Amino acid sequence: MKKDMDSDVFYKALHQQYGGSVVAVERYINPRAIMRFHCTACDMTFYNRPYYVLSVQQHKCFLNYADDVGYRAKTGKGIKADKTKKRLPADIKKEISGLFDKGVSISQISRQLSVSVGSVLYYLSHK
Ligand SMILES: [Zn+2]
């Protein structure tokens with residue numbers, strides 16, 4: 001990636017990297033000027049440098065919650081780390097959805113249902 005990419009190159013790279021799920025809310029100025037993005041997959045709006053969002057700080061859905069409980073710090077991995085674990089029973093999934101909709105935090109859901117934080121995040125981002 002060129003450090004002086006123009007806006008056409010940037011928008012194209014952004015689209016390629018995220019398959020169209022992450023869009024720029026503000027006008028692109030240069031690779032280091034912080035701007036606002038929106039992720040249509042997890043409905044999150046966030047600020048980042050264009051250069052970072054394509055390289056060292058890629059957006060991962062629900063990572064804000066993951067950071068909240070130190071999940072990423074502990075495992076060094078994203079949500080997909082739990083993909084190999086056994087699937088959650090349907091009634092647990094229903095409870096996770098119900099609690100999450102009520103505004104209960106990920107870490108509380110995890111404790112309450114004795115399900116790992118990773119599994120809760122994985123389910124919420126793939127349901
Ligand atoms: Zn997202």
# chains A, B, ... in the order shown; residues from 1 in each chain; ligands from 1
>>> residues_near_ligand(ligand="ligand 1", cutoff="7 Å", atoms="only C-alpha atoms and all ligand atoms", output="list in words")
Cys39, Thr40, Ala41, Cys42, Asp43, Met44, His59, Lys60, Cys61 and Phe62 of chain A
>>> residues_around(residues="Ser97 in chain A", least_positions_apart="5", cutoff="10 Å", atoms="only C-alpha atoms", output="PDB file with N, CA and C atoms, in the first residue's frame")
ATOM      1  N   ASP A  91     -30.984 -23.447  23.334  1.00  0.00           N
ATOM      2  CA  ASP A  91     -31.604 -22.676  24.419  1.00  0.00           C
ATOM      3  C   ASP A  91     -30.642 -21.649  25.005  1.00  0.00           C
ATOM      4  N   ILE A  92     -29.335 -21.995  25.007  1.00  0.00           N
ATOM      5  CA  ILE A  92     -28.330 -21.030  25.486  1.00  0.00           C
ATOM      6  C   ILE A  92     -28.252 -19.840  24.523  1.00  0.00           C
ATOM      7  N   LYS A 102     -31.486  -7.017  26.138  1.00  0.00           N
ATOM      8  CA  LYS A 102     -31.868  -6.250  27.329  1.00  0.00           C
ATOM      9  C   LYS A 102     -30.752  -5.299  27.771  1.00  0.00           C
ATOM     10  N   GLY A 103     -29.601  -5.402  27.096  1.00  0.00           N
ATOM     11  CA  GLY A 103     -28.503  -4.489  27.396  1.00  0.00           C
ATOM     12  C   GLY A 103     -27.511  -5.040  28.420  1.00  0.00           C
ATOM     13  N   VAL A 104     -27.598  -6.336  28.706  1.00  0.00           N
ATOM     14  CA  VAL A 104     -26.647  -6.956  29.638  1.00  0.00           C
ATOM     15  C   VAL A 104     -25.286  -7.053  28.946  1.00  0.00           C
ATOM     16  N   ILE A 109     -23.126 -11.756  30.682  1.00  0.00           N
ATOM     17  CA  ILE A 109     -23.790 -12.892  30.030  1.00  0.00           C
ATOM     18  C   ILE A 109     -22.914 -14.133  30.180  1.00  0.00           C
ATOM     19  N   VAL A 120     -19.746 -16.254  23.400  1.00  0.00           N
ATOM     20  CA  VAL A 120     -20.829 -15.265  23.373  1.00  0.00           C
ATOM     21  C   VAL A 120     -20.616 -14.294  22.201  1.00  0.00           C
ATOM     22  N   TYR A 123     -21.143 -16.026  18.814  1.00  0.00           N
ATOM     23  CA  TYR A 123     -22.555 -16.220  18.502  1.00  0.00           C
ATOM     24  C   TYR A 123     -23.218 -14.909  18.102  1.00  0.00           C
ATOM     25  N   LEU A 124     -22.971 -13.851  18.880  1.00  0.00           N
ATOM     26  CA  LEU A 124     -23.611 -12.560  18.604  1.00  0.00           C
ATOM     27  C   LEU A 124     -23.197 -11.986  17.240  1.00  0.00           C
ATOM     28  N   LYS A 127     -25.018 -14.669  14.428  1.00  0.00           N
ATOM     29  CA  LYS A 127     -26.393 -15.175  14.473  1.00  0.00           C
ATOM     30  C   LYS A 127     -27.194 -14.689  13.273  1.00  0.00           C
TER      31      LYS A 127
END
>>> select_by_dssp(residues="range 14-49 of chain A", states="helix (DSSP H, G or I)", output="PyMOL selection string")
chain A and resi 14-18
>>> atom_distance(atom1="CA of Gln58 in chain A", atom2="CA of Met5 in chain A")
17.5 Å
>>> closest_residue(among="A:His126, A:Lys94, A:Arg36, A:Arg27", to="Asp8 in chain A", atoms="only C-alpha atoms")
A:Arg27
